[in-house]
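Q: This one is model.txt, compact mmCIF, N, CA and C atoms.
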```txt
# COMPACT_ATOMS: atom_id res chain seq x y z
N MET A 1 6.64 3.07 -14.81
CA MET A 1 5.53 3.83 -14.28
C MET A 1 6.09 4.96 -13.42
N LEU A 2 5.57 6.14 -13.63
CA LEU A 2 6.02 7.31 -12.88
C LEU A 2 4.87 7.89 -12.08
N ASN A 3 5.19 8.35 -10.89
CA ASN A 3 4.19 8.96 -10.03
C ASN A 3 4.08 10.44 -10.37
N ILE A 4 2.88 10.88 -10.74
CA ILE A 4 2.68 12.29 -11.05
C ILE A 4 1.77 12.96 -10.02
N ASN A 5 1.51 12.28 -8.92
CA ASN A 5 0.67 12.85 -7.86
C ASN A 5 1.43 13.93 -7.11
N GLY A 6 0.68 14.92 -6.65
CA GLY A 6 1.27 15.96 -5.80
C GLY A 6 2.49 16.60 -6.40
N THR A 7 3.59 16.59 -5.65
CA THR A 7 4.83 17.25 -6.10
C THR A 7 5.80 16.29 -6.78
N HIS A 8 5.40 15.06 -7.01
CA HIS A 8 6.28 14.09 -7.66
C HIS A 8 6.49 14.45 -9.14
N ASN A 9 7.70 14.23 -9.62
CA ASN A 9 8.06 14.39 -11.03
C ASN A 9 7.64 15.75 -11.62
N GLN A 10 7.98 16.80 -10.92
CA GLN A 10 7.64 18.15 -11.36
C GLN A 10 8.22 18.47 -12.74
N ASN A 11 9.46 18.06 -12.98
CA ASN A 11 10.10 18.37 -14.28
C ASN A 11 9.31 17.77 -15.43
N LEU A 12 8.85 16.55 -15.26
CA LEU A 12 8.07 15.89 -16.30
C LEU A 12 6.75 16.64 -16.53
N LYS A 13 6.11 17.03 -15.44
CA LYS A 13 4.83 17.75 -15.57
C LYS A 13 5.03 19.12 -16.21
N GLU A 14 6.15 19.76 -15.93
CA GLU A 14 6.42 21.06 -16.55
C GLU A 14 6.67 20.91 -18.05
N ALA A 15 7.19 19.75 -18.45
CA ALA A 15 7.48 19.51 -19.86
C ALA A 15 6.22 19.15 -20.65
N CYS A 16 5.17 18.71 -19.97
CA CYS A 16 3.95 18.30 -20.67
C CYS A 16 2.74 18.92 -19.96
N ARG A 17 2.18 19.95 -20.57
CA ARG A 17 1.08 20.69 -19.95
C ARG A 17 -0.13 19.79 -19.67
N THR A 18 -0.47 18.92 -20.60
CA THR A 18 -1.64 18.05 -20.42
C THR A 18 -1.44 17.13 -19.22
N LEU A 19 -0.25 16.59 -19.08
CA LEU A 19 0.05 15.72 -17.95
C LEU A 19 -0.05 16.49 -16.64
N LYS A 20 0.47 17.69 -16.64
CA LYS A 20 0.40 18.55 -15.45
C LYS A 20 -1.06 18.83 -15.07
N GLU A 21 -1.86 19.16 -16.07
CA GLU A 21 -3.27 19.46 -15.80
C GLU A 21 -4.03 18.21 -15.34
N TYR A 22 -3.69 17.07 -15.91
CA TYR A 22 -4.33 15.82 -15.47
C TYR A 22 -3.98 15.54 -14.00
N ALA A 23 -2.74 15.81 -13.63
CA ALA A 23 -2.32 15.61 -12.23
C ALA A 23 -3.09 16.56 -11.31
N ILE A 24 -3.30 17.79 -11.75
CA ILE A 24 -4.08 18.74 -10.95
C ILE A 24 -5.50 18.22 -10.78
N TYR A 25 -6.09 17.76 -11.87
CA TYR A 25 -7.45 17.22 -11.86
C TYR A 25 -7.57 16.04 -10.89
N THR A 26 -6.66 15.08 -10.99
CA THR A 26 -6.75 13.90 -10.12
C THR A 26 -6.46 14.25 -8.66
N ASP A 27 -5.57 15.21 -8.43
CA ASP A 27 -5.32 15.66 -7.05
C ASP A 27 -6.58 16.26 -6.44
N LYS A 28 -7.32 17.02 -7.24
CA LYS A 28 -8.56 17.60 -6.75
C LYS A 28 -9.56 16.50 -6.38
N ILE A 29 -9.67 15.50 -7.22
CA ILE A 29 -10.60 14.40 -6.94
C ILE A 29 -10.23 13.72 -5.63
N ARG A 30 -8.95 13.41 -5.46
CA ARG A 30 -8.51 12.75 -4.23
C ARG A 30 -8.83 13.60 -3.00
N LYS A 31 -8.56 14.89 -3.11
CA LYS A 31 -8.79 15.80 -1.99
C LYS A 31 -10.28 15.84 -1.63
N TYR A 32 -11.12 16.02 -2.62
CA TYR A 32 -12.56 16.15 -2.36
C TYR A 32 -13.19 14.83 -1.96
N ALA A 33 -12.64 13.73 -2.42
CA ALA A 33 -13.20 12.40 -2.08
C ALA A 33 -13.04 12.10 -0.60
N GLU A 34 -12.16 12.82 0.08
CA GLU A 34 -11.99 12.63 1.52
C GLU A 34 -13.15 13.23 2.31
N GLU A 35 -13.86 14.18 1.69
CA GLU A 35 -14.90 14.89 2.43
C GLU A 35 -16.30 14.74 1.83
N MET A 36 -16.42 14.07 0.67
CA MET A 36 -17.73 13.90 0.03
C MET A 36 -17.74 12.62 -0.79
N SER A 37 -18.88 12.29 -1.33
CA SER A 37 -18.97 11.08 -2.15
C SER A 37 -18.06 11.22 -3.37
N LEU A 38 -17.65 10.09 -3.91
CA LEU A 38 -16.75 10.11 -5.06
C LEU A 38 -17.39 10.81 -6.24
N GLU A 39 -18.65 10.53 -6.49
CA GLU A 39 -19.34 11.16 -7.61
C GLU A 39 -19.37 12.69 -7.45
N ASP A 40 -19.67 13.16 -6.25
CA ASP A 40 -19.68 14.61 -5.99
C ASP A 40 -18.27 15.19 -6.11
N ALA A 41 -17.27 14.44 -5.65
CA ALA A 41 -15.89 14.91 -5.72
C ALA A 41 -15.45 15.08 -7.17
N VAL A 42 -15.81 14.12 -8.01
CA VAL A 42 -15.45 14.20 -9.43
C VAL A 42 -16.17 15.38 -10.08
N GLU A 43 -17.43 15.54 -9.79
CA GLU A 43 -18.20 16.66 -10.36
C GLU A 43 -17.61 18.00 -9.94
N ARG A 44 -17.26 18.12 -8.68
CA ARG A 44 -16.67 19.38 -8.19
C ARG A 44 -15.32 19.64 -8.86
N ALA A 45 -14.50 18.58 -9.00
CA ALA A 45 -13.19 18.73 -9.64
C ALA A 45 -13.36 19.16 -11.10
N ILE A 46 -14.33 18.56 -11.79
CA ILE A 46 -14.57 18.93 -13.19
C ILE A 46 -14.98 20.40 -13.29
N CYS A 47 -15.91 20.82 -12.46
CA CYS A 47 -16.38 22.22 -12.49
C CYS A 47 -15.22 23.19 -12.21
N GLU A 48 -14.45 22.90 -11.19
CA GLU A 48 -13.32 23.78 -10.84
C GLU A 48 -12.29 23.82 -11.95
N CYS A 49 -11.98 22.67 -12.50
CA CYS A 49 -10.96 22.64 -13.56
C CYS A 49 -11.41 23.44 -14.78
N ILE A 50 -12.67 23.28 -15.17
CA ILE A 50 -13.18 24.06 -16.30
C ILE A 50 -13.08 25.55 -15.99
N LYS A 51 -13.48 25.93 -14.79
CA LYS A 51 -13.44 27.34 -14.37
C LYS A 51 -12.01 27.88 -14.37
N GLU A 52 -11.04 27.01 -13.98
CA GLU A 52 -9.63 27.43 -13.87
C GLU A 52 -8.85 27.23 -15.17
N GLY A 53 -9.49 26.67 -16.19
CA GLY A 53 -8.81 26.44 -17.47
C GLY A 53 -7.95 25.19 -17.48
N VAL A 54 -8.18 24.28 -16.54
CA VAL A 54 -7.42 23.04 -16.45
C VAL A 54 -8.18 21.96 -17.22
N LEU A 55 -7.58 21.46 -18.29
CA LEU A 55 -8.22 20.46 -19.17
C LEU A 55 -9.58 20.96 -19.66
N LYS A 56 -9.71 22.25 -19.75
CA LYS A 56 -11.01 22.89 -20.03
C LYS A 56 -11.69 22.34 -21.28
N GLU A 57 -11.02 22.39 -22.41
CA GLU A 57 -11.64 21.94 -23.67
C GLU A 57 -12.05 20.47 -23.59
N PHE A 58 -11.15 19.65 -23.08
CA PHE A 58 -11.44 18.22 -22.99
C PHE A 58 -12.64 17.96 -22.09
N LEU A 59 -12.64 18.57 -20.91
CA LEU A 59 -13.72 18.33 -19.96
C LEU A 59 -15.05 18.88 -20.46
N GLU A 60 -15.02 19.99 -21.19
CA GLU A 60 -16.27 20.51 -21.75
C GLU A 60 -16.84 19.58 -22.82
N LYS A 61 -15.96 19.03 -23.65
CA LYS A 61 -16.41 18.15 -24.74
C LYS A 61 -16.77 16.75 -24.25
N HIS A 62 -16.05 16.27 -23.26
CA HIS A 62 -16.19 14.87 -22.84
C HIS A 62 -16.52 14.73 -21.36
N ARG A 63 -17.32 15.62 -20.86
CA ARG A 63 -17.63 15.67 -19.42
C ARG A 63 -18.15 14.33 -18.90
N ALA A 64 -19.17 13.77 -19.54
CA ALA A 64 -19.78 12.52 -19.05
C ALA A 64 -18.78 11.37 -19.06
N GLU A 65 -18.02 11.25 -20.14
CA GLU A 65 -17.03 10.17 -20.22
C GLU A 65 -15.92 10.36 -19.19
N ALA A 66 -15.47 11.61 -19.03
CA ALA A 66 -14.41 11.91 -18.05
C ALA A 66 -14.89 11.57 -16.65
N LYS A 67 -16.14 11.92 -16.36
CA LYS A 67 -16.69 11.64 -15.03
C LYS A 67 -16.77 10.14 -14.78
N ALA A 68 -17.32 9.41 -15.73
CA ALA A 68 -17.45 7.95 -15.58
C ALA A 68 -16.08 7.29 -15.44
N MET A 69 -15.14 7.71 -16.27
CA MET A 69 -13.80 7.11 -16.24
C MET A 69 -13.09 7.46 -14.93
N SER A 70 -13.25 8.67 -14.46
CA SER A 70 -12.60 9.08 -13.21
C SER A 70 -13.12 8.28 -12.03
N ILE A 71 -14.42 8.07 -12.00
CA ILE A 71 -15.01 7.27 -10.92
C ILE A 71 -14.50 5.85 -11.00
N PHE A 72 -14.48 5.28 -12.20
CA PHE A 72 -13.98 3.91 -12.39
C PHE A 72 -12.52 3.79 -11.97
N GLU A 73 -11.67 4.72 -12.43
CA GLU A 73 -10.24 4.67 -12.10
C GLU A 73 -10.00 4.83 -10.61
N TYR A 74 -10.72 5.75 -9.98
CA TYR A 74 -10.54 5.97 -8.55
C TYR A 74 -10.97 4.75 -7.76
N ASP A 75 -12.11 4.17 -8.14
CA ASP A 75 -12.57 2.95 -7.48
C ASP A 75 -11.58 1.81 -7.69
N GLN A 76 -11.04 1.70 -8.89
CA GLN A 76 -10.07 0.65 -9.19
C GLN A 76 -8.80 0.86 -8.37
N GLU A 77 -8.33 2.10 -8.29
CA GLU A 77 -7.14 2.42 -7.50
C GLU A 77 -7.37 2.07 -6.03
N LYS A 78 -8.53 2.43 -5.53
CA LYS A 78 -8.88 2.14 -4.13
C LYS A 78 -8.94 0.63 -3.91
N HIS A 79 -9.53 -0.10 -4.87
CA HIS A 79 -9.64 -1.55 -4.76
C HIS A 79 -8.25 -2.19 -4.74
N ILE A 80 -7.38 -1.77 -5.62
CA ILE A 80 -6.01 -2.32 -5.69
C ILE A 80 -5.28 -2.02 -4.38
N ARG A 81 -5.42 -0.80 -3.86
CA ARG A 81 -4.77 -0.42 -2.61
C ARG A 81 -5.27 -1.30 -1.46
N MET A 82 -6.59 -1.54 -1.42
CA MET A 82 -7.15 -2.37 -0.35
C MET A 82 -6.67 -3.81 -0.47
N GLU A 83 -6.61 -4.34 -1.71
CA GLU A 83 -6.11 -5.70 -1.90
C GLU A 83 -4.65 -5.81 -1.46
N ARG A 84 -3.87 -4.79 -1.79
CA ARG A 84 -2.46 -4.79 -1.40
C ARG A 84 -2.32 -4.78 0.12
N GLU A 85 -3.12 -3.97 0.79
CA GLU A 85 -3.07 -3.91 2.26
C GLU A 85 -3.49 -5.23 2.88
N GLU A 86 -4.53 -5.86 2.31
CA GLU A 86 -4.97 -7.17 2.80
C GLU A 86 -3.88 -8.22 2.62
N ALA A 87 -3.20 -8.18 1.47
CA ALA A 87 -2.13 -9.15 1.20
C ALA A 87 -0.97 -8.95 2.18
N TRP A 88 -0.62 -7.68 2.46
CA TRP A 88 0.45 -7.40 3.43
C TRP A 88 0.08 -7.94 4.80
N GLU A 89 -1.17 -7.68 5.21
CA GLU A 89 -1.61 -8.15 6.53
C GLU A 89 -1.61 -9.68 6.60
N GLU A 90 -2.06 -10.31 5.53
CA GLU A 90 -2.05 -11.78 5.50
C GLU A 90 -0.61 -12.30 5.58
N GLY A 91 0.29 -11.65 4.87
CA GLY A 91 1.70 -12.05 4.91
C GLY A 91 2.29 -11.88 6.31
N ARG A 92 1.97 -10.77 6.96
CA ARG A 92 2.45 -10.56 8.33
C ARG A 92 1.90 -11.62 9.27
N ARG A 93 0.60 -11.91 9.12
CA ARG A 93 -0.04 -12.91 9.98
C ARG A 93 0.60 -14.29 9.76
N GLU A 94 0.79 -14.65 8.49
CA GLU A 94 1.42 -15.94 8.18
C GLU A 94 2.85 -15.99 8.71
N GLY A 95 3.55 -14.87 8.59
CA GLY A 95 4.93 -14.80 9.10
C GLY A 95 4.99 -15.00 10.60
N ARG A 96 4.05 -14.35 11.30
CA ARG A 96 4.00 -14.52 12.76
C ARG A 96 3.69 -15.96 13.13
N GLU A 97 2.70 -16.54 12.43
CA GLU A 97 2.32 -17.93 12.72
C GLU A 97 3.47 -18.87 12.41
N SER A 98 4.14 -18.63 11.29
CA SER A 98 5.28 -19.47 10.91
C SER A 98 6.40 -19.33 11.93
N GLY A 99 6.65 -18.09 12.37
CA GLY A 99 7.69 -17.85 13.37
C GLY A 99 7.36 -18.54 14.68
N LEU A 100 6.09 -18.51 15.07
CA LEU A 100 5.69 -19.18 16.31
C LEU A 100 5.88 -20.69 16.20
N ARG A 101 5.46 -21.25 15.05
CA ARG A 101 5.64 -22.70 14.86
C ARG A 101 7.11 -23.07 14.88
N GLU A 102 7.91 -22.25 14.21
CA GLU A 102 9.35 -22.48 14.17
C GLU A 102 9.94 -22.41 15.58
N GLY A 103 9.50 -21.41 16.34
CA GLY A 103 9.98 -21.25 17.71
C GLY A 103 9.59 -22.42 18.59
N GLU A 104 8.36 -22.91 18.43
CA GLU A 104 7.90 -24.07 19.20
C GLU A 104 8.73 -25.31 18.86
N GLU A 105 8.96 -25.51 17.56
CA GLU A 105 9.74 -26.67 17.13
C GLU A 105 11.17 -26.58 17.66
N ASN A 106 11.76 -25.41 17.62
CA ASN A 106 13.11 -25.21 18.12
C ASN A 106 13.18 -25.45 19.62
N THR A 107 12.16 -24.97 20.35
CA THR A 107 12.11 -25.17 21.80
C THR A 107 12.03 -26.66 22.13
N LYS A 108 11.18 -27.38 21.42
CA LYS A 108 11.05 -28.84 21.64
C LYS A 108 12.39 -29.53 21.37
N ARG A 109 13.03 -29.11 20.30
CA ARG A 109 14.33 -29.72 19.92
C ARG A 109 15.36 -29.46 21.01
N ILE A 110 15.37 -28.23 21.55
CA ILE A 110 16.32 -27.88 22.61
C ILE A 110 16.10 -28.75 23.84
N PHE A 111 14.83 -28.94 24.24
CA PHE A 111 14.53 -29.79 25.40
C PHE A 111 14.95 -31.24 25.14
N LYS A 112 14.70 -31.75 23.94
CA LYS A 112 15.09 -33.13 23.63
C LYS A 112 16.60 -33.31 23.69
N LEU A 113 17.32 -32.33 23.14
CA LEU A 113 18.79 -32.41 23.16
C LEU A 113 19.31 -32.33 24.61
N ALA A 114 18.66 -31.49 25.42
CA ALA A 114 19.07 -31.38 26.83
C ALA A 114 18.80 -32.70 27.56
N GLN A 115 17.66 -33.32 27.28
CA GLN A 115 17.33 -34.61 27.90
C GLN A 115 18.30 -35.70 27.45
N ALA A 116 18.84 -35.52 26.23
CA ALA A 116 19.80 -36.50 25.72
C ALA A 116 21.20 -36.26 26.28
N GLY A 117 21.34 -35.23 27.14
CA GLY A 117 22.61 -35.00 27.81
C GLY A 117 23.52 -33.99 27.14
N LYS A 118 23.03 -33.29 26.14
CA LYS A 118 23.87 -32.29 25.46
C LYS A 118 24.00 -31.05 26.35
N THR A 119 25.14 -30.40 26.28
CA THR A 119 25.37 -29.17 27.04
C THR A 119 24.71 -28.00 26.30
N PRO A 120 24.45 -26.91 27.04
CA PRO A 120 23.87 -25.74 26.37
C PRO A 120 24.71 -25.26 25.18
N LYS A 121 26.03 -25.35 25.29
CA LYS A 121 26.89 -24.94 24.18
C LYS A 121 26.69 -25.84 22.97
N GLU A 122 26.61 -27.15 23.19
CA GLU A 122 26.40 -28.09 22.08
C GLU A 122 25.03 -27.86 21.44
N ILE A 123 24.03 -27.64 22.29
CA ILE A 123 22.67 -27.40 21.78
C ILE A 123 22.64 -26.13 20.94
N ALA A 124 23.30 -25.09 21.42
CA ALA A 124 23.34 -23.82 20.70
C ALA A 124 23.95 -24.00 19.31
N GLU A 125 25.02 -24.78 19.23
CA GLU A 125 25.67 -25.02 17.94
C GLU A 125 24.76 -25.82 17.02
N ILE A 126 24.12 -26.86 17.55
CA ILE A 126 23.23 -27.71 16.73
C ILE A 126 22.03 -26.90 16.23
N CYS A 127 21.44 -26.12 17.10
CA CYS A 127 20.22 -25.36 16.76
C CYS A 127 20.51 -24.00 16.14
N GLU A 128 21.79 -23.63 16.08
CA GLU A 128 22.21 -22.35 15.51
C GLU A 128 21.54 -21.16 16.21
N VAL A 129 21.59 -21.20 17.55
CA VAL A 129 21.10 -20.10 18.38
C VAL A 129 22.17 -19.79 19.41
N SER A 130 21.99 -18.72 20.17
CA SER A 130 22.98 -18.36 21.18
C SER A 130 22.86 -19.28 22.41
N VAL A 131 23.95 -19.39 23.13
CA VAL A 131 23.96 -20.18 24.37
C VAL A 131 22.98 -19.55 25.35
N GLU A 132 22.93 -18.21 25.36
CA GLU A 132 22.01 -17.50 26.26
C GLU A 132 20.56 -17.88 25.98
N LYS A 133 20.22 -18.00 24.70
CA LYS A 133 18.86 -18.37 24.34
C LYS A 133 18.55 -19.79 24.82
N VAL A 134 19.47 -20.68 24.65
CA VAL A 134 19.29 -22.07 25.09
C VAL A 134 19.08 -22.08 26.62
N GLN A 135 19.94 -21.36 27.33
CA GLN A 135 19.83 -21.32 28.79
C GLN A 135 18.50 -20.72 29.23
N HIS A 136 18.06 -19.69 28.53
CA HIS A 136 16.79 -19.06 28.86
C HIS A 136 15.63 -20.05 28.66
N ILE A 137 15.64 -20.80 27.59
CA ILE A 137 14.59 -21.77 27.33
C ILE A 137 14.61 -22.89 28.35
N LEU A 138 15.78 -23.31 28.76
CA LEU A 138 15.90 -24.43 29.70
C LEU A 138 15.60 -24.03 31.14
N GLU A 139 15.55 -22.76 31.44
CA GLU A 139 15.29 -22.31 32.82
C GLU A 139 13.87 -22.51 33.23
```
Kindly present the structure from the file in structure tokens form.
A:
Amino acid sequence: MLNINGTHNQNLKEACRTLKEYAIYTDKIRKYAEEMSLEDAVERAICECIKEGVLKEFLEKHRAEAKAMSIFEYDQEKHIRMEREEAWEEGRREGRESGLREGEENTKRIFKLAQAGKTPKEIAEICEVSVEKVQHILE
């Protein structure tokens, strides 16, 4: 999969006019969707592209299908991006929770070893942490 948005893969877009024009069309939709409804953004992009000769013949012949497909693709892209962001946040949250549980378990273990008479150096070796960390926890 190659990214053809914005300035990405310019050589490829220069080699294929249709691909270049499609990238221009989708860039327009993204830009306008930031300031208006998606449906209006797609309509504006279609009108501008036809006026500028970008995908002109295709958009004139298949305007309704292009509009419907563009709205569907943009919504799908947005949905996938949102799912990805939610998954990252869930992973970060789980990582923090796991790290806290791990830290609590390690702290309990350090106290038990200290109560059993182990030195901070011995505890550090057993728990695979620094002596400074052991001393900090025991203070």
Q: Compile the contact shell of range 65-76 of chain A as a list in words: residues with an atom at most 8 Å away, counting all atoms listed in the file, same-chain residues fewer than 4 positions apart removed.
A: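 Once the nearby chain positions are removed, what remains is Leu38, Glu39, Val42, Glu43, Ile46, Phe58, Leu59, Lys61, Ile80, Arg81 and Met82 of chain A.
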Q: Tell me, counting all atoms listed in the file, for each residue of range 35-119 of chain A within 8 Å of range 7-24 of chain A, which pair of atoms is nearest and how far apart they are in Å to one decimal, in rows ordered by chain and increasing number, as a tab-separated table.
A:
```
residue	atom	partner	partner_atom	distance
A:Ala45	CA	A:Ile24	C	7.8
A:Cys49	CA	A:Ile24	C	7.6
A:Gly53	C	A:Glu21	CA	7.6
A:Val54	CA	A:Glu21	CA	5.5
A:Leu55	N	A:Glu21	CA	5.4
```
Q: Would you please extract all alpha helix (DSSP H) residues from chain A, as assigned by DSSP on the backbone, and give them as an MDAnalysis selection string?
A: chainID A and resid 10:15 17:33 38:52 56:61 63:115 120:127 131:138
Q: What is the CA of Glu104 in chain A to atom C of Thr119 in chain A distance in Å?
A: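 Atom C of Thr119 in chain A lies 18.7 Å from CA of Glu104 in chain A.
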Q: What is the distance between CA of Ile29 in chain A and CA of Ala41 in chain A, in Å to one decimal?
A: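 Separation of CA of Ile29 in chain A and CA of Ala41 in chain A: 5.5 Å.
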Q: Kindly indicate which residue among A:Arg96, A:Met36, A:Val134, A:Lys121 lies nearest to Lys108 in chain A, using only C-alpha atoms for the distances.
A: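 Smallest separation from Lys108 in chain A among the options: A:Val134.
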Q: To one decimal in Å, tell me the separation between CA of Ile50 in chain A and CA of Met1 in chain A.
A: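 Interatomic distance here is 27.6 Å.
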Q: Point out the residue among A:Glu128, A:Asp27, A:Glu122, A:Glu57 with the least atom-to-atom distance to Arg44 in chain A, counting only C-alpha atoms.
A: A:Asp27
Q: With distances taken over only C-alpha atoms, which residue among A:Val131, A:Gly6, A:Arg30, A:Glu94 lies nearest Glu77 in chain A?
A: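 Of all the options, A:Arg30 lies closest to Glu77 in chain A.
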Q: Pick out the residues sitting within 9 Å of Ile110 in chain A, and hand them over as an NGL selection string; count only C-alpha atoms, and ignore anything fewer than 4 positions along from it in its own chain.
A: :A and (105-106 or 114-115 or 120 or 123-124 or 127 or 134 or 137-138)
Q: Quick one: range 60-74 of chain A with N, CA, C and O atoms, as a CSV table (one decimal), in the frame of the given file?
A:
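The file below, result-v7.csv, is the result:
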```csv
chain,number,residue,atom,x,y,z
A,60,GLU,N,-15.0,20.0,-21.2
A,60,GLU,CA,-16.3,20.5,-21.8
A,60,GLU,C,-16.8,19.6,-22.8
A,60,GLU,O,-18.0,19.3,-22.9
A,61,LYS,N,-16.0,19.0,-23.6
A,61,LYS,CA,-16.4,18.2,-24.7
A,61,LYS,C,-16.8,16.8,-24.2
A,61,LYS,O,-17.7,16.1,-24.8
A,62,HIS,N,-16.0,16.3,-23.3
A,62,HIS,CA,-16.2,14.9,-22.8
A,62,HIS,C,-16.5,14.7,-21.4
A,62,HIS,O,-16.1,13.8,-20.7
A,63,ARG,N,-17.3,15.6,-20.9
A,63,ARG,CA,-17.6,15.7,-19.4
A,63,ARG,C,-18.2,14.3,-18.9
A,63,ARG,O,-17.6,13.8,-17.9
A,64,ALA,N,-19.2,13.8,-19.5
A,64,ALA,CA,-19.8,12.5,-19.0
A,64,ALA,C,-18.8,11.4,-19.1
A,64,ALA,O,-18.7,10.6,-18.1
A,65,GLU,N,-18.0,11.2,-20.1
A,65,GLU,CA,-17.0,10.2,-20.2
A,65,GLU,C,-15.9,10.4,-19.2
A,65,GLU,O,-15.5,9.4,-18.6
A,66,ALA,N,-15.5,11.6,-19.0
A,66,ALA,CA,-14.4,11.9,-18.0
A,66,ALA,C,-14.9,11.6,-16.6
A,66,ALA,O,-14.1,11.0,-15.8
A,67,LYS,N,-16.1,11.9,-16.4
A,67,LYS,CA,-16.7,11.6,-15.0
A,67,LYS,C,-16.8,10.1,-14.8
A,67,LYS,O,-16.3,9.6,-13.7
A,68,ALA,N,-17.3,9.4,-15.7
A,68,ALA,CA,-17.4,8.0,-15.6
A,68,ALA,C,-16.1,7.3,-15.4
A,68,ALA,O,-15.9,6.4,-14.6
A,69,MET,N,-15.1,7.7,-16.3
A,69,MET,CA,-13.8,7.1,-16.2
A,69,MET,C,-13.1,7.5,-14.9
A,69,MET,O,-12.4,6.6,-14.4
A,70,SER,N,-13.2,8.7,-14.5
A,70,SER,CA,-12.6,9.1,-13.2
A,70,SER,C,-13.1,8.3,-12.0
A,70,SER,O,-12.4,7.8,-11.2
A,71,ILE,N,-14.4,8.1,-12.0
A,71,ILE,CA,-15.0,7.3,-10.9
A,71,ILE,C,-14.5,5.8,-11.0
A,71,ILE,O,-14.1,5.3,-10.0
A,72,PHE,N,-14.5,5.3,-12.2
A,72,PHE,CA,-14.0,3.9,-12.4
A,72,PHE,C,-12.5,3.8,-12.0
A,72,PHE,O,-12.2,2.9,-11.2
A,73,GLU,N,-11.7,4.7,-12.4
A,73,GLU,CA,-10.2,4.7,-12.1
A,73,GLU,C,-10.0,4.8,-10.6
A,73,GLU,O,-9.2,4.1,-10.0
A,74,TYR,N,-10.7,5.8,-10.0
A,74,TYR,CA,-10.5,6.0,-8.6
A,74,TYR,C,-11.0,4.8,-7.8
A,74,TYR,O,-10.3,4.3,-6.8
```
